[in-house]
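Inspection log for the structure reproduced underneath, given as structure tokens.
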Amino acid sequence: MRYYPLICLLVLPLAAAQAAKPIRITSPDGAVQVTVEVTPQGQPTYAVRYRQAELLRPSRLGLQLASADLTQGLKLRKADKQTTVTDDYQLATDKRANCRYRANRRVVHFKSRAKGPQLSVVFQVSDDGVAFQYVVEGNSQEVQRITAEATTFHLPATAKGWLHPHAKAQTGFANTQPSYEEYYQRGIAAGTPSTLGQGWSFPALFEVGGHWVLLTEAGMGRTYSGTHLGHSAPDAEYSVAFPQAPERTTPEAALLPESRLPWRTPWRVLVVGNSLRPIVESTLTTDVSAPAQSAALPAAPGKSSWSWVLLGDDKTTYDVQRRFIDYSASMGWGYCLVDALWDKQIGYDKTQELAQYARSKNVGLLVWYNSNGHWNEAPQTPTNVLFEAESRRQEFARIKQMGIAGIKVDFFGGDGQSFMNYYQDLLVDAAQAGLLVNFHGTTIPRGWNRTYPNLVTMEAVRGFEFLTFDQANTDQEPTHCAVLPFTRNAVGPMDFTPMAFSEIRGKERRTSNAFELALSVLFQSGIQHYAEVPEGMAAQPAYVREFVQKLPPSWADVKFLDGYPGQYAVLARQAPGGAWYVAGINGTDAPKTIQLDLSQLGLQKGTLITDGDTNRSFSTQAVAGSTLSVTLPARGGFVVQP
């Protein structure tokens with residue numbers, strides 16, 4: 001017994017030294033570094049650096065279960081050896097056709113003092129970012145519930161954010177919020193409370209001393225809810241927030257995450273870099289998402305006409321939609337979208353006639369549905385046919401037999417776990433019926449377009465339709481569009497429905513026609529629905545119409561050339577055959593000269609289309625050589641075609 005104090009003195013420093021030893025995971029190129037430690041209180045943390053720059057200060061990890069606290073009182077049990085992740089896959093509906101993922105993977109295992117579920121964290125670190133996922137393991141066969149997630153993102157105090165306010169549930173048109181349709185707050189101090197009191201939506205972009213961090217989530221399965229960033233972020237430490245109470249499909253349906261063990265959560269994703277290039281070019285959200293099943297319906301990307309955005313509900317009629325089918329055929333577009341009220345104002349029989357007529361023109365017909373069960377009060381039909389499985393499958397079989405190519409489903413009710421399941425039920429049943437899917441009034445992409453290839457696009461953006469509602473929205477279009485390539489469109493296909501040359505009734509458009517033309521390339525969507533109507537397109541110069549006609553149905557690759565969120569953006573997109581298209585917009589109220597090095601594209605000659613003498617006219621000229629200087633007027637734009 002007399003030696004017991006001496007033994008304690010020897011053992012305690014050894015234990016402390018072992019506990020203090022951090023776990024490290026680095027990217028293949030060594031630039032991105034993650035450090036995992038446990039505080040003296042047993043709180044697991046991680047930190048992220050890009051070379052010498054601190055991107056995240058020590059940030060919290062952990063899950064609070066109803067049956068176990070896995071946020072504190074933990075010990076580091078072990079860290080597996082670092083292994084390599086290699087994945088090559090194809091996407092038809094995103095920014096890159098052939099995706100290549102290389103990362104270093106390490107699993108860190110923690111031990112709780114109490115018996116029961118235990119926590120591990122899987123880290124995968126690539127040259128363009130960090131993804132991590134919780135694994136809850138145990139022997140219990142009972143359903144486990146997560147009541148809170150301890151994850152935080154602790155940014156340096158000097159960071160600036162481009163953040164999307166998360167809406168209060170059951171607000172907005174016919175109680176259809178949250179649908180990710182707010183304006184981004186631009187360049188605000190990290191830690192600023194959200195403007196709507198409900199936190200900030202993913203994706204969230206931050207500038208950290210000349211470096212960039214984009215936060216989002218991916219790999220959403222059926223055992224978790226969608227999340228966002230919390231309302232308050234003291235000392236620039238952002239927490240993960242769960243959905244609000246109404247965000248479930250029925251009053252009894254799952255809101256917060258619940259599952260049996262073992263349980264893998266979605267991935268927390270950080271795209272990082274010392275420039276905006278990885279933010280725009282990264283495919284990390286699909287890299288860590290589940291591959292498609294072998295029986296999945298392959299996507300058929302393309303372009304589409306659409307009457308509703310400029311003509312409204314009244315023009316969802318047989319004659320007008322037939323004219324828009326002809327419009328798609330004349331432009332070489334693969335689709336025509338027939339929006340709300342088609343079941344009442346056209347009818348199923350006449351819609352079948354339209355579908356057959358469209359097929360004779362090599363055009364696929366898409367039709368709109370209201371998603372609702374009880375969660376919204378939107379009166380637009382068809383409604384109350386998709387939520388129940390039997391009704392949904394009967395409807396899908398019926399419209400497939402009619403010749404319909406795909407559906408647009410609108411007005412969802414939030415991010416609860418039951419909604420995450422409803423989205424995926426729709427995708428599975430639509431694929432089995434041979435239908436493409438477009439979600440509107442919706443949550444953000446979370447890698448689903450890889451897992452479910454029939455998902456061609458999602459809205460989750462304050463799109464062109466808002467410009468038709470009031471002048472305040474029209475006024476904000478230039479800066480709003482200059483934010484989106486670095487935020488919303490960086491994490492998946494985005495159905496903004498761009499490009500209108502016509503005037504908007506009762507509104508004064510702020511962008512030039514060349515700005516609008518540039519959006520046809522700048523914004524990416526699996527099916528790109530254009531706002532312009534046949535008469536407006538016919539009034540444009542022949543070289544503009546030809547440019548739009550020749551745009552490829554999908555893109556093979558993307559490159560960031562220049563830009564700054566909310567000010568201007570210049571991207572290059574590669575056609576499947578290898579040719580590069582370049583597009584740029586000026587979102588500011590002053591002229592801007594942009595100098596471009598085209599040698600990185602192998603582009604030695606092409607045709608420039610930009611603003612003419614007025615903001616409703618165009619000019620064009622041939623370009624040659626490896627450099628290009630373009631002076632854009634306020635709220636102007638340009639494209640370069642090969």
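Here's how to read the names in the structure tokens: chain A, B, ... by the order shown, residue numbers from 1 in each chain, ligand numbers from 1 in the order shown.
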
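Near range 407-416 of chain A, within 6 Å and counting only C-alpha atoms, sit Thr176, Pro178, Ser225, Gly226, Pro243, Glu247, Arg248, Leu255, Leu366, Val367, Trp368, Tyr369, Asn370, Ser371, Trp375, Val437, Asn438, Phe439, His440, Gly441 and Thr442 of chain A, not including residues fewer than 5 positions from it in the same chain.
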
Output as a PDB file with all heavy atoms, in the first residue's frame all residues of range 339-388 of chain A that backbone DSSP marks as strand (DSSP E).
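Wrote states_34.pdb, looks like this:
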ATOM      1  N   GLY A 364     -40.064  15.618 -74.844  1.00  0.00           N
ATOM      2  CA  GLY A 364     -40.685  14.927 -73.725  1.00  0.00           C
ATOM      3  C   GLY A 364     -41.534  15.887 -72.918  1.00  0.00           C
ATOM      4  O   GLY A 364     -41.118  17.017 -72.631  1.00  0.00           O
ATOM      5  N   LEU A 365     -42.729  15.463 -72.510  1.00  0.00           N
ATOM      6  CA  LEU A 365     -43.625  16.318 -71.749  1.00  0.00           C
ATOM      7  C   LEU A 365     -43.447  16.053 -70.255  1.00  0.00           C
ATOM      8  O   LEU A 365     -43.439  14.900 -69.809  1.00  0.00           O
ATOM      9  CB  LEU A 365     -45.079  16.057 -72.156  1.00  0.00           C
ATOM     10  CG  LEU A 365     -46.056  17.214 -71.936  1.00  0.00           C
ATOM     11  CD1 LEU A 365     -45.684  18.399 -72.827  1.00  0.00           C
ATOM     12  CD2 LEU A 365     -47.491  16.765 -72.214  1.00  0.00           C
ATOM     13  N   LEU A 366     -43.320  17.149 -69.496  1.00  0.00           N
ATOM     14  CA  LEU A 366     -43.204  17.103 -68.043  1.00  0.00           C
ATOM     15  C   LEU A 366     -44.447  17.748 -67.440  1.00  0.00           C
ATOM     16  O   LEU A 366     -44.940  18.746 -67.969  1.00  0.00           O
ATOM     17  CB  LEU A 366     -41.958  17.864 -67.575  1.00  0.00           C
ATOM     18  CG  LEU A 366     -40.646  17.543 -68.303  1.00  0.00           C
ATOM     19  CD1 LEU A 366     -39.578  18.568 -67.947  1.00  0.00           C
ATOM     20  CD2 LEU A 366     -40.177  16.136 -67.958  1.00  0.00           C
ATOM     21  N   VAL A 367     -44.969  17.200 -66.339  1.00  0.00           N
ATOM     22  CA  VAL A 367     -46.174  17.760 -65.727  1.00  0.00           C
ATOM     23  C   VAL A 367     -45.958  18.002 -64.238  1.00  0.00           C
ATOM     24  O   VAL A 367     -45.176  17.310 -63.584  1.00  0.00           O
ATOM     25  CB  VAL A 367     -47.405  16.849 -65.942  1.00  0.00           C
ATOM     26  CG1 VAL A 367     -47.779  16.796 -67.415  1.00  0.00           C
ATOM     27  CG2 VAL A 367     -47.169  15.448 -65.391  1.00  0.00           C
ATOM     28  N   TRP A 368     -46.702  18.985 -63.719  1.00  0.00           N
ATOM     29  CA  TRP A 368     -46.552  19.505 -62.350  1.00  0.00           C
ATOM     30  C   TRP A 368     -47.506  18.812 -61.386  1.00  0.00           C
ATOM     31  O   TRP A 368     -48.637  18.473 -61.744  1.00  0.00           O
ATOM     32  CB  TRP A 368     -46.834  20.998 -62.381  1.00  0.00           C
ATOM     33  CG  TRP A 368     -46.647  21.760 -61.099  1.00  0.00           C
ATOM     34  CD1 TRP A 368     -45.555  22.473 -60.719  1.00  0.00           C
ATOM     35  CD2 TRP A 368     -47.611  21.928 -60.043  1.00  0.00           C
ATOM     36  NE1 TRP A 368     -45.761  23.068 -59.486  1.00  0.00           N
ATOM     37  CE2 TRP A 368     -47.028  22.739 -59.050  1.00  0.00           C
ATOM     38  CE3 TRP A 368     -48.916  21.461 -59.833  1.00  0.00           C
ATOM     39  CZ2 TRP A 368     -47.679  23.109 -57.873  1.00  0.00           C
ATOM     40  CZ3 TRP A 368     -49.573  21.813 -58.651  1.00  0.00           C
ATOM     41  CH2 TRP A 368     -48.956  22.629 -57.690  1.00  0.00           C
ATOM     42  N   TYR A 369     -47.056  18.651 -60.113  1.00  0.00           N
ATOM     43  CA  TYR A 369     -47.907  18.139 -59.043  1.00  0.00           C
ATOM     44  C   TYR A 369     -47.687  18.939 -57.762  1.00  0.00           C
ATOM     45  O   TYR A 369     -46.566  19.401 -57.480  1.00  0.00           O
ATOM     46  CB  TYR A 369     -47.592  16.670 -58.736  1.00  0.00           C
ATOM     47  CG  TYR A 369     -48.161  15.704 -59.738  1.00  0.00           C
ATOM     48  CD1 TYR A 369     -47.432  15.354 -60.876  1.00  0.00           C
ATOM     49  CD2 TYR A 369     -49.426  15.142 -59.574  1.00  0.00           C
ATOM     50  CE1 TYR A 369     -47.945  14.473 -61.812  1.00  0.00           C
ATOM     51  CE2 TYR A 369     -49.944  14.253 -60.502  1.00  0.00           C
ATOM     52  CZ  TYR A 369     -49.207  13.927 -61.618  1.00  0.00           C
ATOM     53  OH  TYR A 369     -49.722  13.056 -62.545  1.00  0.00           O
ATOM     54  N   ASN A 370     -48.738  19.077 -56.987  1.00  0.00           N
ATOM     55  CA  ASN A 370     -48.647  19.569 -55.621  1.00  0.00           C
ATOM     56  C   ASN A 370     -48.290  18.385 -54.733  1.00  0.00           C
ATOM     57  O   ASN A 370     -48.921  17.330 -54.816  1.00  0.00           O
ATOM     58  CB  ASN A 370     -50.002  20.168 -55.218  1.00  0.00           C
ATOM     59  CG  ASN A 370     -49.933  20.993 -53.946  1.00  0.00           C
ATOM     60  OD1 ASN A 370     -49.174  20.689 -53.040  1.00  0.00           O
ATOM     61  ND2 ASN A 370     -50.748  22.035 -53.889  1.00  0.00           N
TER      62      ASN A 370
END

> Which polymer residues have any atom within 12 Å of an atom of Thr147 in chain A, counting only C-alpha atoms, with same-chain residues fewer than 3 positions away left out, as a list in words?
Replying inline: Gly62, Leu63, Gln64, Leu65, Ala66, Ser67, Ala68, Asp69, Leu70, Thr71, Gln144, Ala150, Tyr224, Ser225, Val240, Ala241, Phe242, Pro243, Ala254, Leu255, Leu256, Pro257 and Glu258 of chain A

Write the residues of the preceding selection, restricted to N, CA and C atoms, as a PDB file, in the first residue's frame.
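Saved the output as result.pdb:
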ATOM      1  N   GLY A  62     -20.134  15.211 -31.576  1.00  0.00           N
ATOM      2  CA  GLY A  62     -20.929  14.404 -30.656  1.00  0.00           C
ATOM      3  C   GLY A  62     -22.406  14.418 -30.960  1.00  0.00           C
ATOM      4  N   LEU A  63     -23.104  13.435 -30.405  1.00  0.00           N
ATOM      5  CA  LEU A  63     -24.545  13.287 -30.560  1.00  0.00           C
ATOM      6  C   LEU A  63     -25.188  13.098 -29.189  1.00  0.00           C
ATOM      7  N   GLN A  64     -26.328  13.724 -29.002  1.00  0.00           N
ATOM      8  CA  GLN A  64     -27.119  13.508 -27.796  1.00  0.00           C
ATOM      9  C   GLN A  64     -28.277  12.586 -28.142  1.00  0.00           C
ATOM     10  N   LEU A  65     -28.226  11.368 -27.643  1.00  0.00           N
ATOM     11  CA  LEU A  65     -29.312  10.423 -27.841  1.00  0.00           C
ATOM     12  C   LEU A  65     -30.272  10.494 -26.661  1.00  0.00           C
ATOM     13  N   ALA A  66     -31.489  10.072 -26.875  1.00  0.00           N
ATOM     14  CA  ALA A  66     -32.434  10.011 -25.763  1.00  0.00           C
ATOM     15  C   ALA A  66     -31.948   9.036 -24.696  1.00  0.00           C
ATOM     16  N   SER A  67     -31.182   8.040 -25.132  1.00  0.00           N
ATOM     17  CA  SER A  67     -30.730   6.992 -24.210  1.00  0.00           C
ATOM     18  C   SER A  67     -29.280   7.139 -23.767  1.00  0.00           C
ATOM     19  N   ALA A  68     -28.535   8.089 -24.355  1.00  0.00           N
ATOM     20  CA  ALA A  68     -27.106   8.197 -24.041  1.00  0.00           C
ATOM     21  C   ALA A  68     -26.576   9.563 -24.438  1.00  0.00           C
ATOM     22  N   ASP A  69     -25.675  10.083 -23.606  1.00  0.00           N
ATOM     23  CA  ASP A  69     -24.998  11.341 -23.921  1.00  0.00           C
ATOM     24  C   ASP A  69     -23.648  11.015 -24.555  1.00  0.00           C
ATOM     25  N   LEU A  70     -23.547  11.230 -25.867  1.00  0.00           N
ATOM     26  CA  LEU A  70     -22.299  10.971 -26.584  1.00  0.00           C
ATOM     27  C   LEU A  70     -21.655  12.282 -27.010  1.00  0.00           C
ATOM     28  N   THR A  71     -21.748  13.280 -26.135  1.00  0.00           N
ATOM     29  CA  THR A  71     -21.147  14.591 -26.397  1.00  0.00           C
ATOM     30  C   THR A  71     -20.050  14.934 -25.397  1.00  0.00           C
ATOM     31  N   GLN A 144     -33.399   3.939 -31.560  1.00  0.00           N
ATOM     32  CA  GLN A 144     -32.708   5.014 -30.865  1.00  0.00           C
ATOM     33  C   GLN A 144     -33.132   6.356 -31.463  1.00  0.00           C
ATOM     34  N   ALA A 150     -24.202  17.771 -31.415  1.00  0.00           N
ATOM     35  CA  ALA A 150     -23.259  18.706 -30.802  1.00  0.00           C
ATOM     36  C   ALA A 150     -22.307  19.347 -31.801  1.00  0.00           C
ATOM     37  N   TYR A 224     -32.295  10.044 -40.951  1.00  0.00           N
ATOM     38  CA  TYR A 224     -31.894  11.323 -40.367  1.00  0.00           C
ATOM     39  C   TYR A 224     -32.806  12.416 -40.907  1.00  0.00           C
ATOM     40  N   SER A 225     -32.805  13.533 -40.241  1.00  0.00           N
ATOM     41  CA  SER A 225     -33.510  14.711 -40.739  1.00  0.00           C
ATOM     42  C   SER A 225     -32.512  15.624 -41.434  1.00  0.00           C
ATOM     43  N   VAL A 240     -25.191  22.951 -35.278  1.00  0.00           N
ATOM     44  CA  VAL A 240     -26.103  22.270 -36.193  1.00  0.00           C
ATOM     45  C   VAL A 240     -27.491  22.252 -35.563  1.00  0.00           C
ATOM     46  N   ALA A 241     -28.488  22.717 -36.321  1.00  0.00           N
ATOM     47  CA  ALA A 241     -29.858  22.811 -35.818  1.00  0.00           C
ATOM     48  C   ALA A 241     -30.749  21.810 -36.541  1.00  0.00           C
ATOM     49  N   PHE A 242     -31.675  21.228 -35.810  1.00  0.00           N
ATOM     50  CA  PHE A 242     -32.654  20.300 -36.367  1.00  0.00           C
ATOM     51  C   PHE A 242     -33.897  21.058 -36.851  1.00  0.00           C
ATOM     52  N   PRO A 243     -34.767  20.391 -37.599  1.00  0.00           N
ATOM     53  CA  PRO A 243     -35.961  21.057 -38.124  1.00  0.00           C
ATOM     54  C   PRO A 243     -36.902  21.536 -37.018  1.00  0.00           C
ATOM     55  N   ALA A 254     -42.052  10.985 -38.037  1.00  0.00           N
ATOM     56  CA  ALA A 254     -40.748  11.301 -37.447  1.00  0.00           C
ATOM     57  C   ALA A 254     -40.295  12.696 -37.840  1.00  0.00           C
ATOM     58  N   LEU A 255     -39.863  13.460 -36.863  1.00  0.00           N
ATOM     59  CA  LEU A 255     -39.277  14.781 -37.076  1.00  0.00           C
ATOM     60  C   LEU A 255     -37.764  14.706 -36.897  1.00  0.00           C
ATOM     61  N   LEU A 256     -37.325  14.329 -35.689  1.00  0.00           N
ATOM     62  CA  LEU A 256     -35.899  14.211 -35.391  1.00  0.00           C
ATOM     63  C   LEU A 256     -35.413  12.806 -35.737  1.00  0.00           C
ATOM     64  N   PRO A 257     -34.104  12.644 -35.872  1.00  0.00           N
ATOM     65  CA  PRO A 257     -33.571  11.356 -36.340  1.00  0.00           C
ATOM     66  C   PRO A 257     -33.887  10.197 -35.401  1.00  0.00           C
ATOM     67  N   GLU A 258     -34.286   9.076 -35.982  1.00  0.00           N
ATOM     68  CA  GLU A 258     -34.471   7.847 -35.225  1.00  0.00           C
ATOM     69  C   GLU A 258     -34.102   6.656 -36.091  1.00  0.00           C
TER      70      GLU A 258
END

>> I'd like the contact shell of Tyr543 in chain A - 12 Å cut-off, only C-alpha atoms, skipping same-chain residues fewer than 6 positions apart - returned as a PyMOL selection string.
In response: chain A and resi 517+537+549-550+607-610+618-621+639+641

Serialized selection, C-alpha atoms, as a PDB file, in the first residue's frame:
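Result written to part_22.pdb:
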ATOM      1  CA  LEU A 517     -27.998  34.985 -71.978  1.00  0.00           C
ATOM      2  CA  MET A 537     -36.850  34.385 -78.524  1.00  0.00           C
ATOM      3  CA  GLN A 549     -30.052  26.194 -79.958  1.00  0.00           C
ATOM      4  CA  LYS A 550     -26.533  24.793 -79.950  1.00  0.00           C
ATOM      5  CA  THR A 607     -17.324  34.100 -80.890  1.00  0.00           C
ATOM      6  CA  LEU A 608     -18.042  36.685 -78.212  1.00  0.00           C
ATOM      7  CA  ILE A 609     -21.630  37.783 -77.603  1.00  0.00           C
ATOM      8  CA  THR A 610     -22.044  40.659 -75.174  1.00  0.00           C
ATOM      9  CA  PHE A 618     -26.442  42.495 -78.272  1.00  0.00           C
ATOM     10  CA  SER A 619     -23.132  42.803 -80.054  1.00  0.00           C
ATOM     11  CA  THR A 620     -20.897  40.057 -81.365  1.00  0.00           C
ATOM     12  CA  GLN A 621     -17.360  39.640 -82.636  1.00  0.00           C
ATOM     13  CA  VAL A 639     -20.723  34.472 -73.459  1.00  0.00           C
ATOM     14  CA  GLN A 641     -18.919  30.060 -77.800  1.00  0.00           C
TER      15      GLN A 641
END

>> Need to verify the contact set: range 209-222 of chain A, 7 Å, only C-alpha atoms, exclusion of same-chain residues closer than 3 positions in sequence. Can you return it as an NGL selection string?
In response: :A and (202-206 or 266-276 or 279 or 285 or 288-290 or 420-421 or 446-447)

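One distance worth recording is that between CA of Gly492 in chain A and CA of Thr593 in chain A, which is 29.4 Å.
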
> Where does DSSP see helix (DSSP H, G or I) in range 31-238 of chain A, if you list the residues as a PyMOL selection string?
Replying inline: chain A and resi 173-175+234-236

>> Please list as a PyMOL selection string every residue within 12 Å of Gln118 in chain A, counting only C-alpha atoms and excluding residues in the same chain fewer than 6 positions away.
In response: chain A and resi 62-65+67-77+108-112+134-140+261-263

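The protein and nucleic acid residues lying at most 10 Å from Thr631 in chain A are A:Asn586, A:Pro591, A:Lys592, A:Thr593, A:Ile594, A:Gln595, A:Thr610, A:Asp611, A:Ala634, A:Gly636, A:Gly637, A:Phe638, with only C-alpha atoms considered and sequence neighbours fewer than 3 positions away removed.
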
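Among the candidates A:Thr468, A:Thr86, A:Gln600, A:Thr249, the one nearest to Tyr423 in chain A when counting only C-alpha atoms is A:Thr249.
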
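Straight-line separation from CA of Leu603 in chain A to CA of Ser304 in chain A: 28.3 Å.
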
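Between CA of Arg462 in chain A and CA of Glu181 in chain A the separation is 4.2 Å.
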
> From the set A:Ile404, A:Ala169, A:Leu196, A:Ala236, which residue has the shortest atom-to-atom contact distance to Arg57 in chain A, counting only C-alpha atoms?
Replying inline: A:Ala236

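Among the candidate residues A:Gln604, A:Ser294, A:Thr227, A:Gln567, the one lying nearest to Ala579 in chain A is A:Gln604, with distances computed using only C-alpha atoms.
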
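Distance annotation: of A:Asp127, A:Ala569, A:Ala114, A:Arg100, the residue with the minimal separation from Asp29 in chain A is A:Asp127; atom set is only C-alpha atoms.
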
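Between Gly578 in chain A and the candidates A:Ala97, A:Ala157, A:Asp475, A:Gln141, the tightest atom-to-atom separation, counting only C-alpha atoms, involves A:Ala97.
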
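If only C-alpha atoms are the atoms counted, then among A:Arg450, A:Arg102, A:Arg398, A:Lys303 the closest residue to Gly332 in chain A is A:Lys303.
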